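See below for protein-v6.cif, which holds mmCIF, C-alpha atoms and all ligand atoms.
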```
data_my_file
loop_
_atom_site.label_atom_id
_atom_site.label_comp_id
_atom_site.auth_asym_id
_atom_site.auth_seq_id
_atom_site.Cartn_x
_atom_site.Cartn_y
_atom_site.Cartn_z
CA MET A 150 85.14 59.57 -80.87
CA PHE A 151 82.64 62.33 -80.06
CA LYS A 152 78.96 61.69 -80.70
CA VAL A 153 76.87 64.57 -82.07
CA LEU A 154 73.11 64.25 -82.18
CA THR A 155 71.29 66.42 -84.73
CA PHE A 156 67.76 67.72 -84.50
CA ASN A 157 66.26 69.48 -87.53
CA ASN A 158 67.83 69.77 -90.91
CA ILE A 159 71.38 71.00 -90.29
CA SER A 160 73.22 72.08 -93.46
CA ALA A 161 75.72 69.47 -94.69
CA ARG A 162 78.30 72.26 -95.04
CA GLY A 163 78.20 72.61 -91.27
CA LEU A 164 78.22 68.90 -90.51
CA ASP A 165 81.25 68.57 -92.80
CA ARG A 166 83.18 70.61 -90.24
CA LEU A 167 83.07 67.57 -87.94
CA PRO A 168 85.65 65.08 -89.32
CA ARG A 169 84.03 61.64 -89.29
CA GLU A 170 87.16 59.93 -87.99
CA ARG A 171 86.63 61.86 -84.74
CA PHE A 172 82.91 62.69 -84.80
CA GLU A 173 79.95 60.39 -85.19
CA VAL A 174 77.07 62.58 -86.41
CA SER A 175 73.52 61.37 -86.69
CA SER A 176 69.90 62.11 -85.78
CA GLU A 177 69.71 58.76 -83.98
CA ILE A 178 72.49 58.89 -81.41
CA GLN A 179 71.64 57.63 -77.91
CA GLN A 180 74.38 59.03 -75.68
CA PRO A 181 75.44 62.25 -77.35
CA ASP A 182 78.34 64.43 -76.29
CA ALA A 183 76.70 67.33 -78.09
CA VAL A 184 73.53 68.35 -79.82
CA LEU A 185 73.22 70.48 -82.96
CA LEU A 186 69.77 71.89 -83.58
CA ARG A 187 67.67 74.65 -85.09
CA SER A 188 64.16 75.30 -83.79
CA ALA A 189 63.45 71.89 -82.20
CA LYS A 190 62.09 72.38 -78.69
CA LEU A 191 64.36 70.90 -76.05
CA HIS A 192 62.32 71.92 -73.01
CA ASP A 193 60.79 68.48 -72.52
CA TRP A 194 63.82 66.52 -73.71
CA ALA A 195 65.38 64.19 -71.12
CA VAL A 196 68.93 65.55 -71.11
CA PRO A 197 71.35 62.60 -71.28
CA GLU A 198 74.12 62.38 -68.66
CA THR A 199 76.67 62.34 -71.46
CA LEU A 200 75.72 65.76 -72.88
CA LYS A 201 78.49 68.35 -72.79
CA ALA A 202 77.40 71.03 -75.27
CA VAL A 203 74.43 72.37 -77.22
CA GLY A 204 74.89 74.17 -80.55
CA ARG A 205 72.00 76.23 -81.90
CA ALA A 206 72.48 76.75 -85.65
CA GLY A 207 70.65 80.05 -85.47
CA ALA A 208 70.11 83.07 -83.24
CA GLY A 209 67.17 82.50 -80.88
CA VAL A 210 67.61 80.12 -77.96
CA ASN A 211 64.11 80.25 -76.48
CA ASN A 212 63.63 76.63 -77.64
CA ILE A 213 66.44 75.53 -75.31
CA PRO A 214 66.24 75.29 -71.49
CA VAL A 215 69.34 77.43 -71.09
CA GLU A 216 69.06 77.73 -67.30
CA ALA A 217 68.74 73.98 -66.84
CA MET A 218 71.80 73.52 -69.08
CA SER A 219 73.74 76.03 -66.98
CA GLU A 220 72.86 74.10 -63.83
CA ARG A 221 74.45 71.03 -65.41
CA GLY A 222 77.51 72.99 -66.52
CA ILE A 223 76.58 72.64 -70.20
CA PRO A 224 77.38 75.58 -72.49
CA VAL A 225 74.78 76.56 -75.09
CA PHE A 226 76.28 78.02 -78.26
CA ASN A 227 74.50 79.95 -81.01
CA ALA A 228 75.38 81.59 -84.32
CA PRO A 229 75.13 85.34 -83.74
CA GLY A 230 74.56 87.30 -86.93
CA ALA A 231 74.88 84.26 -89.20
CA ASN A 232 71.31 84.56 -90.48
CA ALA A 233 70.88 88.32 -90.02
CA ASN A 234 71.04 89.16 -93.72
CA ALA A 235 68.43 86.53 -94.55
CA VAL A 236 66.03 87.96 -91.98
CA LYS A 237 66.74 91.54 -93.07
CA GLU A 238 65.85 90.69 -96.66
CA LEU A 239 62.56 89.06 -95.63
CA VAL A 240 61.71 92.01 -93.39
CA LEU A 241 62.28 94.39 -96.30
CA ALA A 242 60.09 92.16 -98.48
CA ALA A 243 57.44 92.25 -95.74
CA MET A 244 57.56 96.04 -95.64
CA PHE A 245 57.07 96.24 -99.42
CA LEU A 246 54.28 93.65 -99.28
CA ALA A 247 52.43 95.75 -96.73
CA ALA A 248 53.11 99.16 -98.29
CA ARG A 249 51.87 98.10 -101.73
CA ASN A 250 49.10 95.67 -100.66
CA ILE A 251 50.80 93.05 -102.77
CA CYS A 252 49.14 89.97 -101.23
CA PRO A 253 45.52 91.13 -101.55
CA ALA A 254 46.25 92.59 -105.00
CA TRP A 255 47.71 89.28 -106.14
CA ALA A 256 44.83 87.33 -104.62
CA PHE A 257 42.41 89.61 -106.49
CA ALA A 258 44.30 89.17 -109.77
CA GLN A 259 43.98 85.41 -109.45
CA THR A 260 40.17 85.73 -109.39
CA LEU A 261 40.02 87.56 -112.75
CA GLU A 262 38.06 85.77 -115.43
CA GLY A 263 37.42 85.93 -119.17
CA ASP A 264 39.78 86.69 -122.04
CA ASP A 265 42.79 88.99 -121.72
CA ALA A 266 40.76 92.07 -122.57
CA ALA A 267 38.13 91.24 -119.95
CA MET A 268 40.75 90.51 -117.30
CA ASN A 269 42.54 93.75 -118.09
CA LYS A 270 39.30 95.71 -117.83
CA GLN A 271 38.51 94.29 -114.39
CA ALA A 272 42.11 94.87 -113.24
CA GLU A 273 42.05 98.52 -114.30
CA ALA A 274 38.65 99.06 -112.71
CA GLU A 275 39.59 97.62 -109.36
CA LYS A 276 43.24 98.61 -108.93
CA LYS A 277 42.39 101.69 -106.87
CA ARG A 278 41.52 99.32 -104.01
CA PHE A 279 45.20 98.45 -103.74
CA THR A 280 46.71 101.94 -103.67
CA GLY A 281 49.72 101.86 -101.38
CA PHE A 282 52.30 104.20 -99.95
CA GLU A 283 55.97 104.85 -100.61
CA LEU A 284 58.73 104.48 -98.05
CA PRO A 285 60.88 107.64 -98.32
CA GLY A 286 59.91 110.06 -95.59
CA ARG A 287 58.01 107.40 -93.61
CA THR A 288 59.28 106.41 -90.19
CA LEU A 289 60.43 102.90 -89.37
CA GLY A 290 60.63 101.98 -85.69
CA VAL A 291 63.06 99.20 -84.84
CA VAL A 292 62.75 97.50 -81.47
CA GLY A 293 65.97 95.57 -80.75
CA LEU A 294 69.15 96.81 -82.42
CA GLY A 295 71.20 93.62 -82.54
CA ALA A 296 72.50 91.82 -85.63
CA ILE A 297 69.15 91.89 -87.45
CA GLY A 298 67.77 95.19 -86.16
CA VAL A 299 70.89 97.12 -87.19
CA ASN A 300 70.81 95.59 -90.68
CA VAL A 301 67.14 96.48 -91.08
CA ALA A 302 67.63 100.01 -89.72
CA ASN A 303 70.52 100.68 -92.11
CA ALA A 304 68.63 99.30 -95.11
CA ALA A 305 65.63 101.46 -94.27
CA LYS A 306 67.86 104.56 -94.09
CA ALA A 307 69.18 103.66 -97.54
CA LEU A 308 65.57 103.53 -98.78
CA GLY A 309 65.05 107.09 -97.59
CA MET A 310 63.09 106.29 -94.44
CA ASN A 311 63.44 108.02 -91.10
CA VAL A 312 64.47 105.43 -88.54
CA ILE A 313 63.96 105.42 -84.80
CA GLY A 314 65.41 102.58 -82.72
CA TYR A 315 65.11 101.28 -79.18
CA ASP A 316 67.55 98.94 -77.47
CA PRO A 317 68.45 99.60 -73.83
CA GLN A 318 71.31 97.06 -74.00
CA ILE A 319 72.73 97.95 -77.40
CA THR A 320 76.30 96.65 -77.77
CA VAL A 321 79.21 98.87 -78.74
CA ARG A 322 79.56 96.81 -81.92
CA SER A 323 75.93 97.40 -82.92
CA ALA A 324 76.20 101.09 -82.11
CA TRP A 325 79.27 101.34 -84.37
CA ASN A 326 77.50 99.49 -87.19
CA LEU A 327 74.39 101.66 -87.05
CA GLU A 328 74.06 104.33 -89.77
CA ALA A 329 74.32 107.89 -88.58
CA GLY A 330 70.94 109.51 -88.32
CA VAL A 331 69.09 106.62 -86.70
CA ARG A 332 67.22 108.36 -83.88
CA ARG A 333 67.46 106.88 -80.41
CA ALA A 334 64.19 106.15 -78.60
CA HIS A 335 64.05 105.66 -74.85
CA SER A 336 61.11 103.28 -74.74
CA VAL A 337 58.96 100.97 -76.84
CA ASP A 338 56.12 103.46 -76.35
CA GLU A 339 58.20 106.22 -77.93
CA VAL A 340 58.80 103.99 -80.96
CA MET A 341 55.10 103.12 -81.24
CA ALA A 342 54.10 106.78 -81.11
CA ALA A 343 56.64 107.86 -83.74
CA ALA A 344 56.59 105.12 -86.37
CA ASP A 345 54.46 104.28 -89.42
CA VAL A 346 56.05 100.82 -89.56
CA VAL A 347 57.33 98.99 -86.46
CA THR A 348 59.61 95.98 -86.75
CA LEU A 349 60.58 93.74 -83.82
CA HIS A 350 64.03 92.21 -83.44
CA VAL A 351 64.29 91.20 -79.79
CA PRO A 352 64.76 87.70 -78.36
CA GLU A 353 61.79 86.11 -76.64
CA THR A 354 62.43 86.42 -72.90
CA ASP A 355 60.34 87.08 -69.80
CA ASP A 356 60.90 90.79 -70.51
CA THR A 357 59.79 90.79 -74.13
CA ARG A 358 56.94 88.26 -74.05
CA GLY A 359 53.69 90.09 -74.86
CA MET A 360 55.60 93.34 -75.52
CA ILE A 361 53.16 94.36 -78.24
CA ASN A 362 49.77 94.25 -76.54
CA GLY A 363 46.45 96.05 -76.80
CA SER A 364 47.53 99.19 -74.99
CA ARG A 365 50.73 99.55 -77.03
CA LEU A 366 48.72 99.13 -80.24
CA ALA A 367 46.19 101.68 -79.03
CA ALA A 368 49.00 104.20 -78.54
CA ALA A 369 50.45 103.55 -82.01
CA ARG A 370 49.96 105.79 -85.00
CA GLU A 371 46.79 105.33 -87.03
CA GLY A 372 47.44 102.92 -89.91
CA LEU A 373 50.37 101.14 -88.28
CA VAL A 374 52.14 98.37 -90.18
CA LEU A 375 53.60 95.87 -87.70
CA LEU A 376 56.32 93.40 -88.70
CA ASN A 377 57.26 90.50 -86.45
CA PHE A 378 60.08 88.29 -87.60
CA ALA A 379 61.33 87.80 -84.02
CA ARG A 380 59.07 85.38 -82.15
CA ALA A 381 55.33 84.72 -81.94
CA GLY A 382 55.18 85.28 -78.19
CA ILE A 383 56.34 88.90 -78.44
CA VAL A 384 53.04 89.96 -80.01
CA ASP A 385 49.53 89.40 -78.71
CA ASP A 386 47.79 88.13 -81.87
CA ASN A 387 44.29 88.74 -80.51
CA ALA A 388 45.17 92.37 -79.80
CA VAL A 389 46.51 92.71 -83.35
CA VAL A 390 43.32 91.28 -84.83
CA ALA A 391 41.25 93.66 -82.68
CA ALA A 392 43.32 96.67 -83.83
CA LEU A 393 43.04 95.58 -87.49
CA ASP A 394 39.29 95.02 -87.19
CA ALA A 395 38.86 98.44 -85.58
CA GLY A 396 40.69 99.99 -88.56
CA ARG A 397 43.44 101.41 -86.33
CA MET A 398 46.13 99.19 -87.84
CA ARG A 399 46.82 98.74 -91.53
CA SER A 400 48.49 95.34 -91.60
CA TYR A 401 50.51 92.73 -89.75
CA VAL A 402 53.22 90.73 -91.49
CA CYS A 403 54.89 88.03 -89.43
CA ASP A 404 56.76 84.74 -89.54
CA PHE A 405 54.44 82.92 -87.15
CA PRO A 406 51.04 81.58 -88.23
CA SER A 407 48.39 81.14 -85.54
CA ALA A 408 44.71 80.28 -85.25
CA ALA A 409 43.88 83.87 -84.31
CA LEU A 410 45.57 85.26 -87.43
CA LYS A 411 44.43 82.64 -89.92
CA GLY A 412 42.36 83.94 -92.81
CA HIS A 413 42.55 87.63 -91.83
CA ASP A 414 42.71 89.85 -94.94
CA ALA A 415 45.22 92.25 -93.41
CA VAL A 416 47.60 89.60 -92.11
CA VAL A 417 50.39 87.83 -93.91
CA ALA A 418 51.76 85.03 -91.72
CA LEU A 419 54.72 83.17 -93.19
CA PRO A 420 55.82 79.71 -91.96
CA HIS A 421 58.95 80.80 -90.00
CA ILE A 422 61.16 81.19 -93.08
CA GLY A 423 63.21 84.18 -91.92
CA ALA A 424 66.43 82.16 -91.82
CA SER A 425 65.49 79.75 -94.59
CA THR A 426 68.05 80.63 -97.25
CA ASN A 427 70.84 78.30 -98.27
CA GLU A 428 73.35 80.95 -97.29
CA ALA A 429 71.97 81.46 -93.78
CA GLN A 430 71.54 77.74 -93.17
CA GLU A 431 75.16 77.14 -94.16
CA ASN A 432 76.51 80.09 -92.17
CA CYS A 433 74.62 79.03 -89.06
CA ALA A 434 75.52 75.35 -89.31
CA ILE A 435 79.21 76.10 -89.91
CA MET A 436 79.38 78.50 -86.99
CA ALA A 437 77.57 76.21 -84.55
CA ALA A 438 79.52 73.13 -85.64
CA ASP A 439 82.85 74.96 -85.29
CA GLU A 440 81.94 76.19 -81.82
CA VAL A 441 80.84 72.76 -80.62
CA ARG A 442 83.87 71.06 -82.13
CA ASP A 443 86.25 73.57 -80.59
CA PHE A 444 84.64 73.10 -77.19
CA LEU A 445 84.70 69.30 -77.34
CA GLU A 446 88.29 69.18 -78.55
CA THR A 447 89.86 72.03 -76.59
CA GLY A 448 87.38 73.21 -73.96
CA ASN A 449 87.54 76.72 -75.46
CA ILE A 450 84.31 78.71 -75.53
CA MET A 451 83.18 81.19 -78.20
CA ASN A 452 79.65 82.52 -78.73
CA SER A 453 77.99 80.84 -75.78
CA VAL A 454 74.79 82.38 -74.46
CA ASN A 455 75.36 81.16 -70.90
CA PHE A 456 79.14 80.69 -70.45
CA PRO A 457 81.91 83.30 -70.51
CA GLU A 458 84.04 83.55 -73.64
CA LEU A 459 87.31 81.77 -72.89
CA VAL A 460 90.07 80.79 -75.30
CA LEU A 461 93.39 79.46 -73.97
CA PRO A 462 96.03 78.18 -76.43
CA ARG A 463 97.19 74.72 -75.36
CA ASN A 464 100.34 74.83 -73.24
CA GLY A 465 102.32 71.57 -73.22
CA SER A 466 101.25 68.02 -73.92
CA GLY A 467 99.77 67.11 -70.55
CA ASP A 468 96.09 66.84 -69.68
CA ARG A 469 93.79 69.82 -70.00
CA LEU A 470 91.30 70.03 -67.15
CA THR A 471 88.10 72.05 -67.61
CA VAL A 472 85.77 72.84 -64.73
CA ALA A 473 82.40 74.57 -64.79
CA ASN A 474 81.26 75.66 -61.36
CA ALA A 475 79.02 77.97 -59.39
CA ASN A 476 80.52 81.45 -59.19
CA VAL A 477 81.23 81.32 -55.42
CA PRO A 478 84.39 81.87 -53.33
CA ASN A 479 87.24 79.37 -53.11
CA MET A 480 86.42 77.28 -56.20
CA LEU A 481 89.64 78.19 -57.97
CA GLY A 482 91.58 77.42 -54.77
CA GLN A 483 90.04 73.95 -54.59
CA ILE A 484 90.80 73.25 -58.26
CA SER A 485 94.46 74.24 -57.97
CA SER A 486 94.85 72.42 -54.61
CA ALA A 487 93.51 69.22 -56.16
CA VAL A 488 96.12 69.45 -58.91
CA ALA A 489 98.89 70.33 -56.42
CA GLU A 490 97.95 67.46 -54.08
CA ALA A 491 98.41 65.08 -57.02
CA GLY A 492 101.98 66.40 -57.22
CA LEU A 493 101.37 68.04 -60.58
CA ASN A 494 102.27 71.47 -61.85
CA ILE A 495 99.89 73.86 -63.59
CA ALA A 496 101.43 75.02 -66.87
CA ASP A 497 98.71 77.51 -67.69
CA MET A 498 95.30 78.44 -66.40
CA TYR A 499 92.42 80.73 -67.33
CA ASN A 500 89.31 81.38 -65.29
CA LYS A 501 86.33 83.57 -66.17
CA SER A 502 82.88 84.08 -64.77
CA ARG A 503 79.53 85.11 -66.15
CA GLY A 504 76.64 85.68 -63.78
CA ASP A 505 76.24 82.67 -61.51
CA LEU A 506 78.67 80.54 -63.54
CA ALA A 507 82.44 80.31 -63.65
CA TYR A 508 84.60 78.29 -66.00
CA SER A 509 88.27 77.32 -65.79
CA VAL A 510 90.66 75.75 -68.24
CA VAL A 511 93.82 74.33 -66.66
CA ASP A 512 96.78 72.92 -68.61
CA ILE A 513 98.70 70.44 -66.48
CA ASP A 514 102.26 69.17 -66.77
CA GLY A 515 101.33 65.51 -66.74
CA LYS A 516 98.38 63.20 -66.43
CA LEU A 517 95.65 63.77 -63.85
CA PRO A 518 94.87 60.65 -61.79
CA GLY A 519 91.25 59.47 -62.05
CA ASP A 520 90.58 59.78 -58.31
CA VAL A 521 91.56 63.48 -58.35
CA VAL A 522 89.13 64.11 -61.18
CA GLU A 523 86.42 62.19 -59.34
CA ARG A 524 87.03 64.19 -56.14
CA LEU A 525 86.72 67.44 -58.10
CA ARG A 526 83.44 66.22 -59.61
CA GLN A 527 82.08 65.62 -56.11
CA THR A 528 83.16 69.03 -54.82
CA GLU A 529 80.24 71.24 -53.81
CA GLY A 530 79.57 73.89 -56.43
CA VAL A 531 81.26 71.96 -59.24
CA LEU A 532 78.87 71.46 -62.16
CA ALA A 533 80.95 69.72 -64.81
CA VAL A 534 84.52 68.44 -65.08
CA ARG A 535 86.28 67.25 -68.22
CA VAL A 536 89.78 66.00 -68.89
CA ILE A 537 90.96 66.50 -72.46
CA GLU A 538 94.05 64.41 -73.25
N1 LIG B 601 62.26 84.56 -88.17
C1 LIG B 601 63.41 83.92 -88.10
O1 LIG B 601 63.62 82.93 -88.77
C2 LIG B 601 64.46 84.42 -87.19
C3 LIG B 601 64.14 85.04 -86.01
N2 LIG B 601 65.12 85.49 -85.18
C4 LIG B 601 64.70 86.14 -83.92
O2 LIG B 601 65.24 87.45 -83.89
C5 LIG B 601 65.84 87.68 -82.63
C6 LIG B 601 66.94 88.71 -82.76
O3 LIG B 601 68.00 88.17 -83.52
P1 LIG B 601 69.42 88.89 -83.61
O4 LIG B 601 69.24 90.30 -84.04
O5 LIG B 601 70.30 88.01 -84.41
O6 LIG B 601 69.85 88.85 -82.08
P2 LIG B 601 70.83 89.83 -81.29
O7 LIG B 601 71.12 89.17 -79.99
O8 LIG B 601 71.96 90.25 -82.15
O9 LIG B 601 69.93 91.14 -81.03
C7 LIG B 601 68.87 91.19 -80.13
C8 LIG B 601 68.85 92.60 -79.55
O10 LIG B 601 67.65 92.78 -78.80
C9 LIG B 601 67.98 93.63 -77.72
N3 LIG B 601 66.95 93.55 -76.69
C10 LIG B 601 66.77 92.58 -75.76
N4 LIG B 601 65.70 92.87 -74.99
C11 LIG B 601 65.20 94.04 -75.46
C12 LIG B 601 64.09 94.85 -75.08
N5 LIG B 601 63.30 94.51 -74.06
N6 LIG B 601 63.87 95.98 -75.77
C13 LIG B 601 64.66 96.35 -76.81
N7 LIG B 601 65.73 95.63 -77.19
C14 LIG B 601 65.99 94.48 -76.54
C15 LIG B 601 69.35 93.17 -77.26
O11 LIG B 601 70.01 94.17 -76.51
C16 LIG B 601 70.02 92.90 -78.60
O12 LIG B 601 70.77 94.01 -79.05
C17 LIG B 601 66.31 86.29 -82.17
O13 LIG B 601 66.43 86.21 -80.77
C18 LIG B 601 65.22 85.39 -82.70
O14 LIG B 601 64.20 85.26 -81.75
C19 LIG B 601 66.44 85.40 -85.50
C20 LIG B 601 66.81 84.80 -86.66
C21 LIG B 601 65.86 84.20 -87.58
O1 LIG B 602 67.77 81.77 -85.74
C1 LIG B 602 66.62 81.89 -85.29
O2 LIG B 602 66.37 82.42 -84.18
C2 LIG B 602 65.48 81.42 -86.06
O3 LIG B 602 64.35 81.66 -85.70
C3 LIG B 602 65.72 80.58 -87.26
O4 LIG B 602 65.11 79.34 -86.99
P1 LIG B 602 65.44 78.08 -87.94
O5 LIG B 602 66.87 77.74 -87.70
O6 LIG B 602 65.18 78.52 -89.35
O7 LIG B 602 64.49 77.02 -87.47
#
```
Could you render the structure as structure tokens?
Amino acid sequence: MFKVLTFNNISARGLDRLPRERFEVSSEIQQPDAVLLRSAKLHDWAVPETLKAVGRAGAGVNNIPVEAMSERGIPVFNAPGANANAVKELVLAAMFLAARNICPAWAFAQTLEGDDAAMNKQAEAEKKRFTGFELPGRTLGVVGLGAIGVNVANAAKALGMNVIGYDPQITVRSAWNLEAGVRRAHSVDEVMAAADVVTLHVPETDDTRGMINGSRLAAAREGLVLLNFARAGIVDDNAVVAALDAGRMRSYVCDFPSAALKGHDAVVALPHIGASTNEAQENCAIMAADEVRDFLETGNIMNSVNFPELVLPRNGSGDRLTVANANVPNMLGQISSAVAEAGLNIADMYNKSRGDLAYSVVDIDGKLPGDVVERLRQTEGVLAVRVIE
């Protein structure tokens, strides 16, 4: 029986992928084999010795201490693209909100008083304050052309916008999915200088934290609309407020409320609802649950942010040994020697590395003795060993 601890509200459709005769799933488990979570912060969580996998039912993993998990040989899985449409739709909504001053116009309309005729008179008299702009011919700058950025860029093209995008590590898949005619920028600064609306779709990392700061905003076009549905830390809120107050920026629409932004007329800060659709929650939960289940049951790895992708069909009915280790010389030799010294044959084997980590799956003709497994666990450089019967 595998024990899966849940943080946050994980869609039942995802949890249903874990058959209860083999998986105990609860938010109260003490010694979990795996964790399924959304935005809960794991940085201060005391990682239990029993933990073998982490499944993020979403895209961003900045709430998870990925490096510390790697050091323990624990793969962290996520759900790439599973909520991209949900975020794209909210980003489009944000762009329309900003372009047509919908929030201040609505707030004004709610203050109207008197009978219908009086309300109508005030509305007609004041509506010029909310004159907006149309999107065709305007330029959208997209920073980060992954699952979400590509969707947003393509939708903006379909709305008649010019689109300029920046992503120094764009994948072949994203490049294929991108509409023709999206212009390639070579820096964030180039995007800021060219765009009327800038939207951010990068993960929060040491490289992207504080990416949009005072000097970048100063170099932006007059009247910039900035959209941030990526992470709070990517934008310096105080710099945004200063640019709005100075009249250089038109508006900021984001998914991350903060004290600095609270109450500002030109800011709409939503409560992190980018992925909060039933569809996205289901997609993410199903994907993360499937990945975690597959790893626990077979040792195979798909969509991990720290481990290599590795899928080996089971060969034979003997034990399957999985080893996560530091990516240094002679590890594979030690693994196969340990099996050979036990007088056992290797039926099949697959080894892959990613950065400082390597991972091997070894199908054995027979049953591995406990002392061999223990010796492997104690081997220098070995991070995690499992035997799947
Ligand atoms: N508001 C919300 O509820 C949600 C927010 N997000 C946030 O959006 C981020 C992006 O999500 P996806 O598009 O699904 O991820 P993704 O991994 O498909 O795309 C991220 C892209 O950013 C690029 N990138 C990384 N560093 C960059 C840099 N310095 N400059 C330009 N590009 C850079 C990568 O090459 C990659 O193509 C997530 O990491 C998460 O933080 C994601 C889903 C929901
Ligand atoms: O997938 C992401 O990166 C998100 O930010 C969505 O977060 P959530 O799962 O809605 O708490």
Draw an axis-aligned box tight on the listed atoms of ligand LIG 602 (chain B), then pad every side by 8 Å and write out centre and edge lengths in Å to one decimal as JSON.
```
{"center_x": 66.1, "center_y": 79.7, "center_z": -86.8, "size_x": 19.4, "size_y": 21.4, "size_z": 21.2}
```
Would you name the residues within 7 Å of ligand LIG 601 (chain B), counting all atoms listed in the file, and put them as a ChimeraX atom specification? /A:207-210,229-230,232-233,236,292-298,315-320,350-353,356-357,378-380,404,421-425
To one decimal place in Å, what is the distance between CA of Phe444 (chain A) and CA of Val174 (chain A)?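 Those two atoms sit 15.9 Å apart.
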Find the residue from A:Thr471, A:Ser336, A:Asn476, A:Gln483 that sits nearest to Lys201 (chain A); use all atoms listed in the file when measuring. A:Thr471
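CA of Asp520 (chain A) lies 17.7 Å from CA of Ile495 (chain A).
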Give the answer as one residue: which of A:Val402, A:Leu164, A:Ile223, A:Phe156 has the shortest atom-to-atom distance to Leu241 (chain A), using all atoms listed in the file?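 Comparing A:Val402, A:Leu164, A:Ile223, A:Phe156 against Leu241 (chain A), the winner is A:Val402.
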List as a ChimeraX atom specification the protein and nucleic acid residues near region 327-331 of chain A, meaning an atom at most 6 Å away when only C-alpha atoms are counted, but skip any in the same chain fewer than 6 places from it. /A:299,303,312-313
What separation in Å, quoted to one decimal, exists between CA of His413 (chain A) and CA of Asn362 (chain A)? 18.2 Å
Find the residues around Thr528 (chain A) up to 12 Å (only C-alpha atoms counted), leave out those fewer than 4 positions away in its own chain, and share them as JSON, numbers by chain. {"A": [472, 473, 474, 475, 479, 480, 481, 482, 483, 484, 487, 521, 522, 523, 524, 532, 533, 534]}
Can you list, as a list in words, every protein, DNA or RNA residue that comes within 8 Å of Gln180 (chain A) when you count all atoms listed in the file, leaving out same-chain residues fewer than 3 positions away?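 Surrounding residues, per the criterion: Lys152, Pro197, Glu198, Thr199 and Leu200 of chain A.
The protein and nucleic acid residues lying at most 8 Å from region 255-263 of chain A are Met268, Gln271 and Ala272 of chain A, with all atoms listed in the file considered and sequence neighbours fewer than 5 positions away removed.
Proximity to ligand LIG 602 (chain B) was assessed for A:Leu239, A:Leu517, A:Leu167, A:Ala189 counting only C-alpha atoms and all ligand atoms; the smallest distance is recorded for A:Ala189.
Closest approach to Pro253 (chain A) among A:Arg278, A:Pro285, A:Leu525, A:Val215: A:Arg278, based on all atoms listed in the file.
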